[in-house]
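The next block is entry18.txt, given as compact mmCIF, C-alpha atoms.
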# COMPACT_ATOMS: atom_id res chain seq x y z
CA MET K 1 -89.58 119.80 110.36
CA SER K 2 -91.27 116.54 109.24
CA ASP K 3 -91.23 113.42 111.42
CA SER K 4 -88.92 111.53 109.06
CA ALA K 5 -86.49 114.45 108.81
CA PHE K 6 -86.45 114.78 112.60
CA GLN K 7 -85.73 111.05 112.95
CA TYR K 8 -82.75 111.33 110.61
CA TYR K 9 -81.55 114.40 112.51
CA ASP K 10 -81.92 112.55 115.82
CA ILE K 11 -80.01 109.50 114.58
CA PHE K 12 -77.20 111.62 113.13
CA TYR K 13 -76.99 113.77 116.26
CA LYS K 14 -76.82 110.79 118.63
CA ALA K 15 -74.33 108.91 116.46
CA LEU K 16 -72.05 111.95 116.29
CA LEU K 17 -72.40 112.60 120.02
CA TYR K 18 -71.61 109.07 121.16
CA CYS K 19 -68.77 108.61 118.67
CA SER K 20 -67.21 111.82 120.01
CA ILE K 21 -67.67 110.66 123.60
CA ILE K 22 -66.12 107.25 122.93
CA ILE K 23 -63.13 108.86 121.19
CA PHE K 24 -62.73 111.36 124.05
CA ILE K 25 -62.79 108.62 126.71
CA SER K 26 -60.43 106.38 124.72
CA VAL K 27 -57.87 109.15 124.23
CA ASN K 28 -57.96 110.02 127.93
CA PHE K 29 -57.55 106.39 128.99
CA PHE K 30 -54.74 105.51 126.60
CA TYR K 31 -52.89 108.82 126.87
CA ASP K 32 -52.79 108.82 130.66
CA ILE K 33 -53.77 105.31 131.71
CA ARG K 34 -51.79 105.41 134.97
CA ASN K 35 -53.68 108.46 136.20
CA VAL K 36 -57.22 107.38 135.41
CA PRO K 37 -59.19 108.23 138.59
CA LEU K 38 -59.88 105.21 140.78
CA SER K 39 -63.37 106.49 141.57
CA LEU K 40 -64.23 106.45 137.85
CA LEU K 41 -62.91 102.89 137.46
CA PHE K 42 -64.93 101.88 140.52
CA PHE K 43 -68.07 103.45 139.03
CA ILE K 44 -67.62 101.55 135.75
CA THR K 45 -66.89 98.31 137.61
CA ILE K 46 -70.02 98.62 139.76
CA THR K 47 -72.53 99.85 137.19
CA THR K 48 -71.60 97.81 134.12
CA PRO K 49 -72.52 94.32 135.49
CA ILE K 50 -75.78 95.65 136.98
CA THR K 51 -76.59 97.33 133.66
CA LEU K 52 -76.00 94.12 131.69
CA VAL K 53 -78.33 92.21 134.03
CA PHE K 54 -81.17 94.69 134.52
CA ASN K 55 -81.12 97.43 131.87
CA ILE K 56 -78.80 97.37 128.86
CA TYR K 57 -80.08 100.80 127.81
CA PHE K 58 -78.24 102.31 130.76
CA LEU K 59 -74.87 101.91 128.99
CA PRO K 60 -75.03 105.36 127.29
CA TYR K 61 -75.39 106.98 130.72
CA ILE K 62 -72.20 105.22 131.85
CA LEU K 63 -70.39 106.55 128.79
CA VAL K 64 -71.59 110.14 129.29
CA PHE K 65 -70.79 110.04 133.02
CA SER K 66 -67.26 108.85 132.23
CA ALA K 67 -66.80 111.65 129.69
CA ALA K 68 -68.18 114.25 132.13
CA PHE K 69 -65.92 112.97 134.92
CA LEU K 70 -62.82 113.21 132.71
CA LEU K 71 -63.91 116.63 131.42
CA VAL K 72 -64.20 117.98 134.97
CA ARG K 73 -60.79 116.61 135.88
CA ASN K 74 -59.10 117.98 132.76
CA ILE K 75 -60.54 121.47 133.15
CA LYS K 76 -59.77 121.60 136.89
CA VAL K 77 -56.10 120.80 136.32
CA GLY K 78 -55.85 123.24 133.41
CA TYR K 79 -55.55 120.88 130.44
CA TYR K 80 -57.91 123.08 128.41
CA ASN K 81 -58.01 126.80 127.80
CA VAL K 82 -61.16 128.13 129.46
CA SER K 83 -61.23 131.04 127.00
CA TYR K 84 -62.58 128.61 124.41
CA VAL K 85 -65.72 128.41 126.54
CA LYS K 86 -66.49 132.05 125.66
CA ILE K 87 -66.57 131.14 121.97
CA MET K 88 -68.86 128.22 122.77
CA ILE K 89 -71.23 130.57 124.64
CA VAL K 90 -71.47 132.98 121.71
CA VAL K 91 -72.09 130.19 119.20
CA SER K 92 -74.62 128.47 121.49
CA LEU K 93 -76.49 131.72 122.12
CA ILE K 94 -76.74 132.49 118.40
CA PHE K 95 -77.93 128.95 117.72
CA SER K 96 -80.47 129.15 120.57
CA CYS K 97 -81.84 132.48 119.34
CA ALA K 98 -82.27 131.08 115.84
CA GLN K 99 -84.16 128.09 117.20
CA ALA K 100 -86.35 130.27 119.45
CA ILE K 101 -87.39 132.31 116.41
CA TYR K 102 -88.43 129.19 114.51
CA PHE K 103 -89.84 126.76 117.11
CA ARG K 104 -93.00 127.21 119.17
CA SER K 105 -94.49 125.08 121.93
CA GLU K 106 -98.07 123.84 121.87
CA ASP K 107 -99.20 126.90 123.83
CA GLY K 108 -97.32 129.28 121.51
CA ARG K 109 -94.26 130.04 123.64
CA PRO K 110 -90.79 130.34 122.04
CA ALA K 111 -88.75 127.15 122.45
CA LEU K 112 -85.64 125.37 121.24
CA SER K 113 -85.83 122.22 119.14
CA PHE K 114 -86.95 120.34 122.29
CA ILE K 115 -90.29 122.14 121.70
CA ASP K 116 -90.95 122.10 125.46
CA PRO K 117 -90.24 125.71 126.62
CA ASN K 118 -89.29 124.63 130.15
CA PHE K 119 -86.66 122.18 128.89
CA SER K 120 -85.47 124.85 126.47
CA ALA K 121 -85.21 127.43 129.25
CA PHE K 122 -83.08 125.00 131.27
CA TYR K 123 -80.37 125.05 128.60
CA VAL K 124 -80.69 128.81 128.29
CA PHE K 125 -80.17 129.03 132.06
CA MET K 126 -76.93 127.07 131.63
CA LEU K 127 -75.78 129.76 129.18
CA PHE K 128 -76.96 132.46 131.61
CA ALA K 129 -74.99 130.90 134.48
CA ILE K 130 -71.70 130.43 132.62
CA SER K 131 -71.85 133.90 131.04
CA SER K 132 -72.45 135.35 134.51
CA ILE K 133 -69.55 133.38 135.98
CA LEU K 134 -67.21 134.58 133.23
CA ARG K 135 -68.56 138.15 133.62
CA LEU K 136 -69.75 138.40 130.03
CA ARG K 137 -72.41 140.95 130.92
CA LEU K 138 -73.85 141.62 127.47
CA LEU K 139 -74.18 137.92 126.67
CA ASN K 140 -75.58 137.37 130.15
CA PHE K 141 -78.28 139.96 129.49
CA PHE K 142 -79.24 138.34 126.18
CA CYS K 143 -79.42 134.91 127.86
CA PHE K 144 -81.70 136.33 130.54
CA MET K 145 -84.00 137.94 127.99
CA LEU K 146 -84.15 134.78 125.88
CA GLY K 147 -85.09 132.73 128.95
CA MET K 148 -87.76 135.23 129.96
CA PHE K 149 -89.28 135.18 126.46
CA MET K 150 -89.85 131.44 126.98
CA LEU K 151 -92.08 132.36 129.95
CA SER K 152 -90.63 129.60 132.14
CA ARG K 153 -91.23 130.07 135.86
CA ALA K 154 -88.54 127.49 136.63
CA PHE K 155 -86.05 129.63 134.70
CA LEU K 156 -86.97 132.75 136.68
CA LEU K 157 -86.78 130.84 139.98
CA ALA K 158 -83.33 129.45 139.09
CA VAL K 159 -82.07 132.92 138.11
CA ILE K 160 -83.34 134.43 141.38
CA VAL K 161 -81.77 131.65 143.46
CA PHE K 162 -78.50 131.92 141.52
CA TRP K 163 -78.35 135.71 142.01
CA ILE K 164 -79.28 135.68 145.72
CA LEU K 165 -76.82 132.92 146.63
CA GLY K 166 -74.10 134.68 144.67
CA HIS K 167 -74.58 137.93 146.62
CA VAL K 168 -75.78 136.91 150.09
CA ASN K 169 -72.94 135.13 151.90
CA PHE K 170 -75.03 134.52 155.01
CA ILE K 171 -76.99 131.69 153.34
CA PHE K 172 -73.88 129.75 152.32
CA ASN K 173 -72.18 130.32 155.68
CA THR K 174 -75.26 129.07 157.52
CA ALA K 175 -75.61 126.03 155.25
CA ARG K 176 -71.95 125.17 155.73
CA ARG K 177 -72.14 125.47 159.52
CA LEU K 178 -75.15 123.15 159.48
CA LYS K 179 -73.29 120.71 157.17
CA LEU K 180 -75.91 121.23 154.44
CA SER K 181 -73.79 122.80 151.70
CA HIS K 182 -72.51 119.58 150.14
CA PRO K 183 -74.26 118.81 146.80
CA PHE K 184 -75.15 115.26 147.87
CA ILE K 185 -76.89 116.53 151.02
CA MET K 186 -78.68 119.23 149.00
CA ALA K 187 -79.88 116.65 146.48
CA ILE K 188 -81.41 114.54 149.26
CA LEU K 189 -83.00 117.56 150.94
CA SER K 190 -84.47 118.66 147.60
CA LEU K 191 -86.75 115.62 147.62
CA PHE K 192 -88.24 116.77 150.93
CA LEU K 193 -88.52 120.30 149.53
CA VAL K 194 -90.69 119.06 146.65
CA PHE K 195 -93.28 117.48 148.92
CA ALA K 196 -93.15 120.33 151.45
CA ALA K 197 -93.84 122.82 148.63
CA GLY K 198 -96.74 120.71 147.35
CA SER K 199 -98.24 120.41 150.81
CA ALA K 200 -97.89 124.16 151.41
CA LEU K 201 -99.56 124.95 148.09
CA ARG K 202 -102.56 122.78 148.96
CA THR K 203 -102.76 124.10 152.51
CA PHE K 204 -102.46 127.81 151.82
CA GLY K 205 -103.75 127.86 148.24
CA GLY K 206 -107.11 126.41 149.12
CA ASN K 207 -109.59 125.61 146.36
CA ASP K 208 -109.11 128.85 144.46
CA VAL K 209 -106.98 127.35 141.67
CA SER K 210 -106.23 129.54 138.67
CA ASP K 211 -106.52 128.31 135.10
CA TYR K 212 -103.40 127.55 133.11
CA ASP K 213 -101.93 130.76 131.71
CA SER K 214 -99.43 130.86 128.85
CA GLY K 215 -99.01 134.65 129.01
CA ILE K 216 -96.63 136.85 130.97
CA SER K 217 -99.00 136.93 133.95
CA ARG K 218 -98.02 133.29 134.67
CA PHE K 219 -94.93 134.65 136.44
CA SER K 220 -97.15 136.01 139.21
CA THR K 221 -99.40 132.94 139.38
CA VAL K 222 -98.33 130.12 141.69
CA ASN K 223 -101.56 128.40 142.64
CA ASP K 224 -102.63 127.26 139.18
CA GLY K 225 -103.58 123.92 137.69
CA SER K 226 -100.11 123.41 136.22
CA ASN K 227 -98.31 123.59 139.55
CA ARG K 228 -100.99 121.56 141.33
CA LEU K 229 -100.61 118.83 138.70
CA ARG K 230 -96.82 118.96 139.00
CA PHE K 231 -96.91 118.04 142.68
CA GLN K 232 -99.68 115.51 142.20
CA LEU K 233 -97.62 113.67 139.58
CA ASN K 234 -94.72 113.33 142.03
CA GLU K 235 -97.02 111.84 144.68
CA GLN K 236 -98.42 109.42 142.12
CA PHE K 237 -94.87 108.39 141.25
CA LEU K 238 -94.08 107.45 144.85
CA SER K 239 -97.25 105.39 144.97
CA ALA K 240 -96.23 103.63 141.73
CA LEU K 241 -92.72 103.03 143.05
CA SER K 242 -94.06 101.30 146.13
CA GLU K 243 -96.15 98.95 143.96
CA SER K 244 -93.88 98.21 140.99
CA SER K 245 -90.87 95.90 141.11
CA ASP K 246 -89.93 97.06 137.59
CA LEU K 247 -89.54 100.65 138.80
CA LYS K 248 -87.25 99.40 141.55
CA LEU K 249 -85.03 97.31 139.28
CA ARG K 250 -85.06 98.34 135.61
CA GLY K 251 -87.49 101.20 134.95
CA VAL K 252 -90.45 101.32 132.59
CA SER K 253 -91.26 103.04 129.31
CA ARG K 254 -93.09 106.36 129.17
CA GLU K 255 -96.06 104.70 127.45
CA PHE K 256 -96.38 101.98 130.07
CA TYR K 257 -96.04 104.41 132.95
CA THR K 258 -98.63 106.89 131.66
CA SER K 259 -101.12 104.13 130.86
CA THR K 260 -100.70 102.35 134.19
CA TYR K 261 -99.76 104.76 136.97
CA ALA K 262 -100.31 108.43 136.06
CA PRO K 263 -101.46 110.64 133.16
CA LEU K 264 -97.97 112.15 132.75
CA ILE K 265 -94.40 111.39 133.78
CA PRO K 266 -93.20 112.74 137.17
CA HIS K 267 -92.10 116.38 137.05
CA ASN K 268 -88.88 115.81 138.98
CA GLY K 269 -85.49 114.97 137.50
CA PHE K 270 -84.60 112.35 140.12
CA PHE K 271 -88.00 110.62 139.90
CA GLU K 272 -87.93 110.65 136.11
CA PHE K 273 -84.48 109.04 136.16
CA VAL K 274 -85.89 106.30 138.39
CA ARG K 275 -88.81 105.87 135.99
CA ILE K 276 -86.41 105.38 133.08
CA ASN K 277 -83.72 103.25 134.72
CA GLY K 278 -85.04 101.86 138.00
CA LEU K 279 -84.32 102.77 141.61
CA LEU K 280 -81.23 100.59 141.99
CA LEU K 281 -79.18 102.11 139.18
CA THR K 282 -80.47 105.60 140.01
CA ILE K 283 -79.21 105.44 143.61
CA ILE K 284 -75.78 104.26 142.47
CA PHE K 285 -75.56 106.81 139.65
CA ILE K 286 -76.75 109.83 141.68
CA SER K 287 -74.40 108.91 144.53
CA PHE K 288 -71.41 108.91 142.18
CA VAL K 289 -72.48 112.17 140.52
CA PHE K 290 -72.73 114.13 143.77
CA LEU K 291 -70.04 112.35 145.79
CA SER K 292 -67.24 111.85 143.27
CA MET K 293 -67.75 114.45 140.53
CA ILE K 294 -69.98 117.43 141.41
CA ASN K 295 -68.85 117.24 145.02
CA SER K 296 -67.45 120.64 145.97
CA ASN K 297 -69.01 122.40 148.95
CA ALA K 298 -67.09 125.57 148.14
CA LYS K 299 -68.69 129.00 148.12
CA CYS K 300 -68.03 129.59 144.40
CA THR K 301 -69.94 126.50 143.26
CA PHE K 302 -72.81 126.85 145.75
CA PRO K 303 -75.07 129.21 143.69
CA PHE K 304 -74.79 127.20 140.48
CA VAL K 305 -75.17 123.74 142.01
CA THR K 306 -78.13 124.87 144.13
CA SER K 307 -79.88 126.39 141.11
CA TYR K 308 -79.29 123.19 139.16
CA ILE K 309 -80.81 121.07 141.94
CA ILE K 310 -83.78 123.47 142.10
CA TYR K 311 -84.35 122.75 138.41
CA LEU K 312 -84.25 119.01 139.09
CA CYS K 313 -86.93 119.50 141.75
CA PHE K 314 -89.58 120.91 139.46
CA LEU K 315 -88.83 119.61 135.94
CA PRO K 316 -88.09 116.13 134.56
CA VAL K 317 -84.56 117.20 133.54
CA ILE K 318 -82.64 114.04 134.45
CA PRO K 319 -79.22 114.43 136.15
CA ALA K 320 -77.53 112.45 133.36
CA GLY K 321 -76.89 112.48 129.64
CA LEU K 322 -76.27 115.72 127.76
CA SER K 323 -77.54 117.92 130.60
CA LEU K 324 -75.02 116.36 133.02
CA LEU K 325 -72.23 116.90 130.48
CA LEU K 326 -73.16 120.58 130.22
CA VAL K 327 -73.54 121.02 133.98
CA SER K 328 -70.17 119.34 134.55
CA LEU K 329 -68.50 121.67 132.06
CA ILE K 330 -69.80 124.78 133.85
CA TYR K 331 -68.98 123.32 137.27
CA ALA K 332 -65.39 122.61 136.20
CA VAL K 333 -64.99 126.09 134.72
CA ILE K 334 -66.08 127.60 138.06
CA LEU K 335 -63.44 125.55 139.90
CA ASN K 336 -60.77 126.39 137.33
CA LYS K 337 -61.59 130.09 137.40
CA ASN K 338 -61.42 130.23 141.18
CA GLY K 339 -58.43 127.95 141.58
CA ALA K 340 -60.35 125.36 143.59
CA GLN K 341 -58.68 121.99 143.18
CA SER K 342 -60.35 120.32 146.14
CA VAL K 343 -63.61 120.47 148.03
CA SER K 344 -61.88 122.17 150.94
CA ASN K 345 -60.98 125.20 148.82
CA ASN K 346 -63.30 128.11 149.56
CA CYS K 347 -63.04 129.69 146.09
CA SER K 348 -62.79 133.09 147.69
Could you take the file, read its structure, and then write that structure out as structure tokens?
Amino acid sequence: MSDSAFQYYDIFYKALLYCSIIIFISVNFFYDIRNVPLSLLFFITITTPITLVFNIYFLPYILVFSAAFLLVRNIKVGYYNVSYVKIMIVVSLIFSCAQAIYFRSEDGRPALSFIDPNFSAFYVFMLFAISSILRLRLLNFFCFMLGMFMLSRAFLLAVIVFWILGHVNFIFNTARRLKLSHPFIMAILSLFLVFAAGSALRTFGGNDVSDYDSGISRFSTVNDGSNRLRFQLNEQFLSALSESSDLKLRGVSREFYTSTYAPLIPHNGFFEFVRINGLLLTIIFISFVFLSMINSNAKCTFPFVTSYIIYLCFLPVIPAGLSLLLVSLIYAVILNKNGAQSVSNNCS
């Protein structure tokens, strides 16, 4: 696809997406104005003035968050037929397979139109998770194979975590007893996990660092240049954050960041969101995401939410925008399927 054609595609895609979101939010507000959640109104009231002062480009994130919030509420209370999700999975899987046949990353791995195989595998993992939750075994198998063909170690790690937490109750029970099973707490702990993993890799990996491998053997290689760089970029981000007032208040462009602070953007979803929008708006946004929307500490949501946070730890998949909309959809389907209308419900 040529650059000009891709630009037209991108403009059309974003225009269609945001028009649909605005219509969806408007219908929900006007149809049921008396029951609009107070937490959503509070989020809009808090973030909009800050956005207008510091970063006008944050407005689309407010729109998508509002749509995701309403989507979660509507699915939880049964406004939509969850069976339609099965059709969406089939269509999405076919579309993903077609893209994976056509697109290739720079190192030759299959990818979606994002070109980056790790980003692509993230969306395939979303399909894997929802097909597993709905017990669509054949589709689940195809999603797993498609993700493995992309040779993404983050995908394999997320699948392993998702499967273990879905079958080993001891981990959830222990986390709940220790008050660590809430998504907000897990998101905070994940930041410590990133630096602990980086420190462990340097300590135990020594100087014997493998070369970057784009073949299947990369699944068995942990101490390679790619992973070392991943952790180094996160440390460089913290150093940049301590020095830059722009990173604290409004964020900086990719070009400015890579020319001033580090060779690449941070490989962490939370840090990348700070880089784009600033620390202030990120703290407010993330708090609302994990305290007012994806806030269930129930057993049924634990495997999926944990796997999602694991992805945020090691890839710059921001917890906002289209990915948040997709994650919210799956999260709401889990609650609907298990009859969990509140965070106290155990989904058992």
Q) Quick one: residues within 10 Å of region 247-251 of chain K, only C-alpha atoms counted, chain neighbours fewer than 5 positions away excluded, as a PyMOL selection string? A) chain K and resi 50-51+53-58+237+240-242+257+272-282
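Going from CA of Met148 (chain K) over to CA of Ala121 (chain K), you cover 8.2 Å.
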Q) Can you tell me, as an MDAnalysis selection string, what residues are no more than 9 Å from Ile160 (chain K) when counting only C-alpha atoms, ignoring any on the same chain fewer than 5 positions away? A) chainID K and resid 155 165 307
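Remark: for Val305 (chain K), the closest of the candidate residues K:Val161, K:Val91, K:Ala200, K:Leu59 is K:Val161 (distances computed over only C-alpha atoms).
Going from CA of Ile25 (chain K) over to CA of Tyr61 (chain K), you cover 13.3 Å.
Our summary of the geometry notes that CA of Ser113 (chain K) is positioned 18.5 Å from CA of Ala154 (chain K).
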Q) Could you name the residues that touch Thr258 (chain K) at 12 Å or less, counting all atoms listed in the file, but leaving out those on the same chain fewer than 5 positions away, as a ChimeraX atom specification? A) /K:233,236-237,240,252-253,263-266,275
Using C-alpha atoms, can you write the selected residues to a file as a PDB file, keeping the file's coordinate frame?
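Okay, selection_23.pdb is ready:
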ATOM      1  CA  LEU K 233     -97.620 113.670 139.580  1.00  0.00           C
ATOM      2  CA  GLN K 236     -98.420 109.420 142.120  1.00  0.00           C
ATOM      3  CA  PHE K 237     -94.870 108.390 141.250  1.00  0.00           C
ATOM      4  CA  ALA K 240     -96.230 103.630 141.730  1.00  0.00           C
ATOM      5  CA  VAL K 252     -90.450 101.320 132.590  1.00  0.00           C
ATOM      6  CA  SER K 253     -91.260 103.040 129.310  1.00  0.00           C
ATOM      7  CA  PRO K 263    -101.460 110.640 133.160  1.00  0.00           C
ATOM      8  CA  LEU K 264     -97.970 112.150 132.750  1.00  0.00           C
ATOM      9  CA  ILE K 265     -94.400 111.390 133.780  1.00  0.00           C
ATOM     10  CA  PRO K 266     -93.200 112.740 137.170  1.00  0.00           C
ATOM     11  CA  ARG K 275     -88.810 105.870 135.990  1.00  0.00           C
TER      12      ARG K 275
END
Q | Nearby residues, (-73.1, 109.6, 146.0) file frame, 12 Å, only C-alpha atoms, as JSON, numbers by chain | A | {"K": [39, 43, 182, 183, 184, 185, 186, 187, 188, 281, 282, 283, 284, 285, 286, 287, 288, 289, 290, 291, 292, 293, 294, 295]}
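When the distance limit is 7 Å and all atoms listed in the file are what count, the residues near region 123-129 of chain K, minus those fewer than 4 positions from it on the same chain, are Ile89, Phe119, Ile133, Asn140, Cys143, Phe144, Gly147 and Phe155 of chain K.
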Q.
Which polymer residues, whether protein, DNA or RNA, lie within 7 Å of the coordinate (-67.2, 129.2, 140.8) when you count only C-alpha atoms? List them as a PyMOL selection string, using the chain letters and numbers from the file.
A. chain K and resi 133+300-301+334-335+337-338+347
Give me the region 311-345 of chain K side of the contact with region 66-82 of chain K, cut-off 9 Å, one line per residue showing its nearest atom pair and distance in Å at one decimal, counting only C-alpha atoms, sorted by chain and residue number, as a Markdown table.
| residue | atom | partner | partner_atom | distance |
| --- | --- | --- | --- | --- |
| K:Leu324 | CA | K:Ala68 | CA | 7.2 |
| K:Leu325 | CA | K:Ala68 | CA | 5.1 |
| K:Leu326 | CA | K:Ala68 | CA | 8.3 |
| K:Val327 | CA | K:Ala68 | CA | 8.8 |
| K:Ser328 | CA | K:Ala68 | CA | 6.0 |
| K:Leu329 | CA | K:Val72 | CA | 6.4 |
| K:Ile330 | CA | K:Val72 | CA | 8.9 |
| K:Tyr331 | CA | K:Val72 | CA | 7.5 |
| K:Ala332 | CA | K:Val72 | CA | 4.9 |
| K:Val333 | CA | K:Ile75 | CA | 6.6 |
| K:Ile334 | CA | K:Lys76 | CA | 8.8 |
| K:Leu335 | CA | K:Lys76 | CA | 6.2 |
| K:Asn336 | CA | K:Lys76 | CA | 4.9 |
| K:Lys337 | CA | K:Val82 | CA | 8.2 |
| K:Gly339 | CA | K:Lys76 | CA | 8.0 |
| K:Ala340 | CA | K:Lys76 | CA | 7.7 |
| K:Gln341 | CA | K:Lys76 | CA | 6.4 |
Would you output that residue set with C-alpha atoms, as a short mmCIF file (atom, residue, chain, number, x, y, z; two decimals), keeping the file's coordinate frame?
data_model
loop_
_atom_site.label_atom_id
_atom_site.label_comp_id
_atom_site.auth_asym_id
_atom_site.auth_seq_id
_atom_site.Cartn_x
_atom_site.Cartn_y
_atom_site.Cartn_z
CA LEU K 324 -75.02 116.36 133.02
CA LEU K 325 -72.23 116.90 130.48
CA LEU K 326 -73.16 120.58 130.22
CA VAL K 327 -73.54 121.02 133.98
CA SER K 328 -70.17 119.34 134.55
CA LEU K 329 -68.50 121.67 132.06
CA ILE K 330 -69.80 124.78 133.85
CA TYR K 331 -68.98 123.32 137.27
CA ALA K 332 -65.39 122.61 136.20
CA VAL K 333 -64.99 126.09 134.72
CA ILE K 334 -66.08 127.60 138.06
CA LEU K 335 -63.44 125.55 139.90
CA ASN K 336 -60.77 126.39 137.33
CA LYS K 337 -61.59 130.09 137.40
CA GLY K 339 -58.43 127.95 141.58
CA ALA K 340 -60.35 125.36 143.59
CA GLN K 341 -58.68 121.99 143.18
#
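Here the question is which of K:Leu134, K:Ile46, K:Val85, K:Leu180 gets nearest to Ser296 (chain K) using only C-alpha atoms, and that residue is K:Leu180.
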Is it possible to get the axis-aligned box enclosing region 130-134 of chain K (all listed atoms, 5 Å extra per side) as lines of an AutoDock Vina configuration file, with centre and edge lengths in Å rounded to one decimal?
center_x = -69.8
center_y = 132.9
center_z = 133.5
size_x = 15.2
size_y = 14.9
size_z = 14.9
All residues 6 Å or closer to region 95-100 of chain K, all atoms listed in the file, same chain fewer than 6 positions away omitted, as a PDB file with C-alpha atoms, keeping the file's coordinate frame:
ATOM      1  CA  PRO K 110     -90.790 130.340 122.040  1.00  0.00           C
ATOM      2  CA  ALA K 111     -88.750 127.150 122.450  1.00  0.00           C
ATOM      3  CA  LEU K 112     -85.640 125.370 121.240  1.00  0.00           C
TER       4      LEU K 112
END
